[in-house]
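Novice: Okay, here's the structure, questions in a sec.
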Amino acid sequence: MKLDDIISELQDLDDREKLEFLVEFSNQLPPLSPERAALEHPQDCRVQECQTAVYLWVEVKEGRVQLEADVPRQSPTVRGLVALLVEGLNGEPADAVLELPEDLLPELGLVEALGMQRRQGLGGVIRRIQRDVRAAGSRN
């Protein structure tokens, strides 16, 4: 899984470097597809557990997860965390995504560097991805 490679990269960094990594990684969040960018974001795409306005679209095509997200550039840490998930999970098998732990901050080594709100927000993003993957599987 690509996410494992990203996690391995982070584990060798100290807290300050990890936060810098996230801020830099925030620039890697791909822009929305033209179809989604042209429309107002539906409220059901908003991840409610996040204080920052995180919008997430999850699809499963041929058993592989496809993610798109929109996070304001003014929130680089949150944007970096979401970009990390989009980069790490896009194209992965749905079953592998469903096995992902809900609380990734310990694996990322970011428990001390990030507060409880971001921990809950990231957990909310992961739960949302997994819920939508399950729902897509039940429709197929």
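Ordering of the structure tokens sets the chain letters (A, B, ...); residue numbers start at 1 within each chain; ligands are numbered from 1 in the order shown.
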Can you pull out the residues contacting region 130-137 of chain A? Cut-off 10 Å, using only C-alpha atoms, and skip same-chain residues under 3 positions away; I want them as a PyMOL selection string.

Specialist: chain A and resi 57-61+63-66+94-95+97-100+102+124-127+140

Novice: Would you mind telling me which residue in A:Val78, A:Ala83, A:Cys50, A:Leu13 lies nearest to Gln120 (chain A) when using only C-alpha atoms?

Specialist: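 Closest to Gln120 (chain A) of all the choices is A:Cys50.
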
Novice: Report the residues of region 8-125 of chain A whose backbone DSSP state falls under strand (DSSP E or B), written as a ChimeraX atom specification.

Specialist: /A:46,55-61,64-70,93

Novice: Just list as a VMD selection string whatever in chain A DSSP marks as alpha helix (DSSP H).

Specialist: chain A and resid 2 to 11 15 to 25 34 to 37 76 to 89 94 to 98 105 to 108 116 to 139

Novice: Output C-alpha atoms of each residue in that selection to a file, as a JSON list (two decimals), in the first residue's frame.

Specialist:
```json
[["chain", "number", "residue", "atom", "x", "y", "z"],
["A", 2, "LYS", "CA", 1.34, 3.44, -0.93],
["A", 3, "LEU", "CA", 0.28, 4.80, 2.44],
["A", 4, "ASP", "CA", 2.78, 2.48, 4.15],
["A", 5, "ASP", "CA", 5.61, 4.10, 2.18],
["A", 6, "ILE", "CA", 4.51, 7.57, 3.23],
["A", 7, "ILE", "CA", 4.24, 6.47, 6.87],
["A", 8, "SER", "CA", 7.76, 5.00, 6.68],
["A", 9, "GLU", "CA", 9.07, 8.35, 5.43],
["A", 10, "LEU", "CA", 7.46, 10.18, 8.35],
["A", 11, "GLN", "CA", 8.71, 7.81, 11.04],
["A", 15, "ASP", "CA", 8.00, 16.36, 15.26],
["A", 16, "ARG", "CA", 9.04, 19.67, 13.66],
["A", 17, "GLU", "CA", 10.13, 17.90, 10.47],
["A", 18, "LYS", "CA", 6.88, 15.91, 10.39],
["A", 19, "LEU", "CA", 4.83, 19.09, 10.53],
["A", 20, "GLU", "CA", 6.99, 20.64, 7.79],
["A", 21, "PHE", "CA", 6.46, 17.46, 5.75],
["A", 22, "LEU", "CA", 2.67, 17.80, 6.13],
["A", 23, "VAL", "CA", 2.73, 21.46, 5.12],
["A", 24, "GLU", "CA", 4.79, 20.61, 2.03],
["A", 25, "PHE", "CA", 2.60, 17.59, 1.29],
["A", 34, "PRO", "CA", -13.48, 19.87, -13.54],
["A", 35, "GLU", "CA", -16.99, 18.44, -13.05],
["A", 36, "ARG", "CA", -16.76, 18.71, -9.25],
["A", 37, "ALA", "CA", -14.93, 22.03, -9.27],
["A", 76, "PRO", "CA", -2.01, 23.40, 5.51],
["A", 77, "THR", "CA", -1.70, 20.80, 8.27],
["A", 78, "VAL", "CA", -5.21, 19.43, 7.74],
["A", 79, "ARG", "CA", -4.77, 19.72, 3.98],
["A", 80, "GLY", "CA", -1.50, 17.79, 4.31],
["A", 81, "LEU", "CA", -3.17, 15.00, 6.29],
["A", 82, "VAL", "CA", -5.96, 14.71, 3.72],
["A", 83, "ALA", "CA", -3.45, 14.85, 0.85],
["A", 84, "LEU", "CA", -1.52, 12.05, 2.55],
["A", 85, "LEU", "CA", -4.68, 9.90, 2.58],
["A", 86, "VAL", "CA", -5.62, 10.77, -1.00],
["A", 87, "GLU", "CA", -2.11, 9.99, -2.25],
["A", 88, "GLY", "CA", -1.76, 6.89, -0.09],
["A", 89, "LEU", "CA", -5.19, 5.35, -0.75],
["A", 94, "ALA", "CA", -11.25, -1.50, -1.30],
["A", 95, "ASP", "CA", -10.51, -4.38, 1.12],
["A", 96, "ALA", "CA", -7.14, -2.85, 2.04],
["A", 97, "VAL", "CA", -8.74, 0.54, 2.70],
["A", 98, "LEU", "CA", -11.34, -1.09, 4.96],
["A", 105, "LEU", "CA", -1.74, 9.49, 14.21],
["A", 106, "PRO", "CA", 0.21, 6.98, 16.35],
["A", 107, "GLU", "CA", 1.46, 5.24, 13.18],
["A", 108, "LEU", "CA", 2.38, 8.62, 11.72],
["A", 116, "MET", "CA", -7.04, 16.00, 19.93],
["A", 117, "GLN", "CA", -9.21, 17.93, 17.47],
["A", 118, "ARG", "CA", -7.01, 16.99, 14.52],
["A", 119, "ARG", "CA", -6.90, 13.41, 15.78],
["A", 120, "GLN", "CA", -10.71, 13.31, 15.85],
["A", 121, "GLY", "CA", -10.88, 15.03, 12.45],
["A", 122, "LEU", "CA", -8.50, 12.56, 10.83],
["A", 123, "GLY", "CA", -10.45, 9.69, 12.38],
["A", 124, "GLY", "CA", -13.62, 11.22, 10.91],
["A", 125, "VAL", "CA", -12.05, 11.36, 7.45],
["A", 126, "ILE", "CA", -10.97, 7.71, 7.66],
["A", 127, "ARG", "CA", -14.39, 6.59, 8.96],
["A", 128, "ARG", "CA", -16.06, 8.50, 6.14],
["A", 129, "ILE", "CA", -13.82, 6.88, 3.51],
["A", 130, "GLN", "CA", -14.49, 3.44, 4.92],
["A", 131, "ARG", "CA", -18.25, 4.03, 5.23],
["A", 132, "ASP", "CA", -18.44, 5.15, 1.60],
["A", 133, "VAL", "CA", -16.30, 2.21, 0.45],
["A", 134, "ARG", "CA", -18.63, -0.20, 2.29],
["A", 135, "ALA", "CA", -21.69, 1.50, 0.77],
["A", 136, "ALA", "CA", -20.18, 1.26, -2.72],
["A", 137, "GLY", "CA", -19.51, -2.44, -2.16],
["A", 138, "SER", "CA", -23.08, -3.12, -1.14],
["A", 139, "ARG", "CA", -24.33, -1.46, -4.34]]
```

Novice: Between CA of Arg73 (chain A) and CA of Gln51 (chain A), what is the spacing in Å?

Specialist: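 About the pair CA of Gln51 (chain A) and CA of Arg73 (chain A): they are 14.1 Å apart.
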
Novice: Separation of CA of Ala113 (chain A) and CA of Thr52 (chain A), in Å?

Specialist: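 These atoms are spaced 17.7 Å apart.
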